[in-house]
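All remarks here apply to the structure that follows.
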Amino acid sequence: MKRVTMLLLISVLALGLTLSGCNAVNDMFGKLFGKGQTPNAPQGGPGVPLGPGAPTGPTMPGGSITESGYLSGPGASYTFTINAGSVSYLEVPFTYPKGSVKFWVKVVGQDGNTVLGDFDLDNGEIIQLSGGGTFYLTVYSRTGAGNWSATYSLAGGSGTTTNPGSGGGGNCNTSGNAANGYLTGPGDSCSFTINAGSKTYVEVPFTYPKGSVDFWVEVVGQDGYTVLGDFDLDNGEVIQLSGGGTFYVTVYSKMGAGNWSATY
């Protein structure tokens with residue numbers, strides 16, 4: 001009986017030492033690693049900010065689609081896609097710190113061919129896209145850093161478009177092979193596109209209140225180079241375009257206000 005009691009006491013003591021050892025081990029690991037601690041979530045996951053100046057991606061205020069971002073300096077660029085679908089004509093106005101930077105744009109079509117090559121936004125903040133389909137736009141900096149945005153709408157229309165003009169006061173309308181508008185005064189301008197296609201020669205006669213205003217025209221080709229720079233319509237109301245392709249025409253006022261029109 002004494003032997004059984006002794007064995008029972010030894011067993012209880014051994015069990016107590018074992019449990020105590022386990023707790024000690026647990027305490028040791030707890031001190032080393034922390035009780036209930038889980039690994040840190042990897043950085044850069046959902047909810048982690050991209051940092052200042054990162055492109056925000058498309059937003060859709062009032063049915064319009066806006067792309068925006070920040071170019072950190074020369075060589076910085078951002079590419080986004082416009083799915084125009086069956087919309088045959090689309091205007092994409094850009095905003096950027098004009099005067100303190102040199103931001104340029106390049107447009108490639110869905111077939112991989114360049115639609116607009118290396119175009120200086122100082123020559124016109126509105127990019128015109130025609131023919132529908134998908135376009136890949138790259139905005140990049142040659143000089144300076146700053147924010148930029150581009151807004152467009154895919155809403156269908158009657159084939160007539162209205163452009164508020166980069167000067168902010170006038171407006172211009174395009175329909176078929178004609179364009180017209182009103183310039184509110186010096187600095188106001190309107191831009192429109194002429195898709196000459198395979199036609200190697202196109203004449204564009206302008207009408208305007210000659211004698212009471214001073215309206216000028218600038219033409220940029222599809223390669224981004226100036227075809228006709230700062231031309232005074234008083235020196236000739238008919239603009240000649242040669243070589244075919246796409247031309248971006250801007251009419252602007254140096255003096256006076258009035259209506260204008262052009263056919264082609």
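Residues are referred to by chain and number: the chain letter is A, B, ... according to the order shown in the structure tokens, the number counts from 1 in that chain, and ligands are numbered separately from 1 in the order shown.
Surrounding range 205-210 of chain A within 6 Å are Glu237, Val238, Asn259, Trp260, Ser261 and Ala262 of chain A, with only C-alpha atoms counted and residues fewer than 5 positions along the same chain left out.
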Item checked: strand (DSSP E) per DSSP on the backbone: members of range 85-243 of chain A, as a ChimeraX atom specification -> /A:85,89-95,102-109,114-120,126-130,133-143,146-152,161-163,171-175,178-183,189-197,201-207,214-221,226-232,238-242
Can you list, as an mmCIF file with all heavy atoms, in the first residue's frame, every protein, DNA or RNA residue that comes within 8 Å of range 84-86 of chain A when you count only C-alpha atoms, leaving out same-chain residues fewer than 5 positions away?
data_model
loop_
_atom_site.group_PDB
_atom_site.id
_atom_site.type_symbol
_atom_site.label_atom_id
_atom_site.label_comp_id
_atom_site.auth_asym_id
_atom_site.auth_seq_id
_atom_site.Cartn_x
_atom_site.Cartn_y
_atom_site.Cartn_z
ATOM 1 N N GLY A 131 -12.668 58.447 -86.423
ATOM 2 C CA GLY A 131 -12.723 57.105 -86.989
ATOM 3 C C GLY A 131 -13.179 56.022 -86.038
ATOM 4 O O GLY A 131 -13.435 54.899 -86.448
ATOM 5 N N GLY A 132 -13.305 56.349 -84.768
ATOM 6 C CA GLY A 132 -13.739 55.357 -83.788
ATOM 7 C C GLY A 132 -12.661 54.339 -83.465
ATOM 8 O O GLY A 132 -11.517 54.444 -83.905
ATOM 9 N N GLY A 133 -13.025 53.354 -82.648
ATOM 10 C CA GLY A 133 -12.073 52.317 -82.252
ATOM 11 C C GLY A 133 -11.334 52.668 -80.979
ATOM 12 O O GLY A 133 -11.794 53.464 -80.165
ATOM 13 N N THR A 134 -10.164 52.098 -80.828
ATOM 14 C CA THR A 134 -9.371 52.257 -79.609
ATOM 15 C C THR A 134 -8.128 53.085 -79.889
ATOM 16 O O THR A 134 -7.468 52.907 -80.916
ATOM 17 C CB THR A 134 -8.958 50.879 -79.056
ATOM 18 O OG1 THR A 134 -10.136 50.103 -78.804
ATOM 19 C CG2 THR A 134 -8.176 51.021 -77.762
ATOM 20 N N PHE A 135 -7.831 53.988 -78.961
ATOM 21 C CA PHE A 135 -6.657 54.840 -79.087
ATOM 22 C C PHE A 135 -5.821 54.724 -77.806
ATOM 23 O O PHE A 135 -6.365 54.634 -76.703
ATOM 24 C CB PHE A 135 -7.055 56.298 -79.293
ATOM 25 C CG PHE A 135 -7.876 56.537 -80.538
ATOM 26 C CD1 PHE A 135 -9.260 56.479 -80.481
ATOM 27 C CD2 PHE A 135 -7.261 56.818 -81.747
ATOM 28 C CE1 PHE A 135 -10.022 56.693 -81.617
ATOM 29 C CE2 PHE A 135 -8.022 57.037 -82.890
ATOM 30 C CZ PHE A 135 -9.398 56.974 -82.829
ATOM 31 N N LEU A 154 -18.034 60.028 -74.264
ATOM 32 C CA LEU A 154 -18.383 59.078 -75.315
ATOM 33 C C LEU A 154 -19.865 59.130 -75.640
ATOM 34 O O LEU A 154 -20.385 58.254 -76.339
ATOM 35 C CB LEU A 154 -17.991 57.657 -74.905
ATOM 36 C CG LEU A 154 -16.497 57.439 -74.671
ATOM 37 C CD1 LEU A 154 -16.235 56.014 -74.202
ATOM 38 C CD2 LEU A 154 -15.707 57.733 -75.937
#
Write out as JSON lines a residue-level contact list of range 169-188 of chain A versus range 88-112 of chain A with cut-off 12 Å: for each qualifying residue the closest pair of atoms and the distance in Å to one decimal, counting only C-alpha atoms, rows sorted by chain and residue number upward.
{"residue": "A:Thr174", "atom": "CA", "partner": "A:Tyr89", "partner_atom": "CA", "distance": 10.2}
{"residue": "A:Ser175", "atom": "CA", "partner": "A:Tyr89", "partner_atom": "CA", "distance": 10.6}
{"residue": "A:Gly176", "atom": "CA", "partner": "A:Tyr89", "partner_atom": "CA", "distance": 11.0}
Next item on the list: Using only C-alpha atoms, find the one residue out of A:Phe231, A:Tyr136, A:Tyr264, A:Phe80 that sits nearest to Leu116 in chain A.
Entry: A:Tyr136
Notebook entry, point to check: Taking into account only C-alpha atoms, which residue in the set A:Val219, A:Ile127, A:Ile194, A:Leu228 is nearest to Thr151 in chain A?
Noted result: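 Checking each of A:Val219, A:Ile127, A:Ile194, A:Leu228 against Thr151 in chain A, counting only C-alpha atoms, the winner is A:Ile127.
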Margin query: Can you measure CA of Asp120 in chain A to CA of Tyr225 in chain A for me? One decimal in Å is fine.
Written below: 8.7 Å
Check: Which of these, A:Asn83, A:Asn113, A:Ser130, A:Thr250, has the shortest distance to Cys190 in chain A once you count only C-alpha atoms?
Finding: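 Of A:Asn83, A:Asn113, A:Ser130, A:Thr250, the one nearest Cys190 in chain A is A:Thr250, counting only C-alpha atoms.
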Notebook entry, point to check: So how many Å separate CA of Val249 in chain A and CA of Pro186 in chain A, to one decimal?
Noted result: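 The value is 17.5 Å.
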Margin query: Residues near range 71-73 of chain A, anyone? I mean within 9 Å using only C-alpha atoms, not counting same-chain ones fewer than 2 positions away, as a PyMOL selection string.
Written below: chain A and resi 53-55+69+75-78+101+103+139-148
Those selected residues, please, written with C-alpha atoms and delivered as a short mmCIF file (atom, residue, chain, number, x, y, z; two decimals), in the first residue's frame.
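Contents of the output file part17.cif:
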data_model
loop_
_atom_site.label_atom_id
_atom_site.label_comp_id
_atom_site.auth_asym_id
_atom_site.auth_seq_id
_atom_site.Cartn_x
_atom_site.Cartn_y
_atom_site.Cartn_z
CA GLY A 53 1.59 62.44 -58.15
CA ALA A 54 0.64 58.91 -59.15
CA PRO A 55 -1.92 58.65 -61.95
CA GLY A 69 -1.81 62.38 -63.02
CA GLY A 75 11.18 61.65 -69.45
CA ALA A 76 8.23 60.92 -67.15
CA SER A 77 5.19 59.62 -69.03
CA TYR A 78 1.79 58.04 -68.60
CA VAL A 101 6.40 73.00 -68.56
CA PHE A 103 4.18 68.44 -72.09
CA VAL A 139 1.42 62.20 -72.27
CA TYR A 140 5.05 62.93 -71.39
CA SER A 141 7.28 65.73 -70.17
CA ARG A 142 10.15 67.23 -72.11
CA THR A 143 10.64 70.05 -69.61
CA GLY A 144 9.32 70.55 -66.09
CA ALA A 145 6.99 68.74 -63.72
CA GLY A 146 3.31 69.18 -62.93
CA ASN A 147 -0.22 67.86 -62.87
CA TRP A 148 -2.21 67.14 -66.01
#
Note to self: From the options A:Asp223, A:Tyr252, A:Ser212, A:Ile239, which residue's atoms come nearest to Val115 in chain A, counting only C-alpha atoms?
What the structure shows: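 Nearest to Val115 in chain A: A:Asp223.
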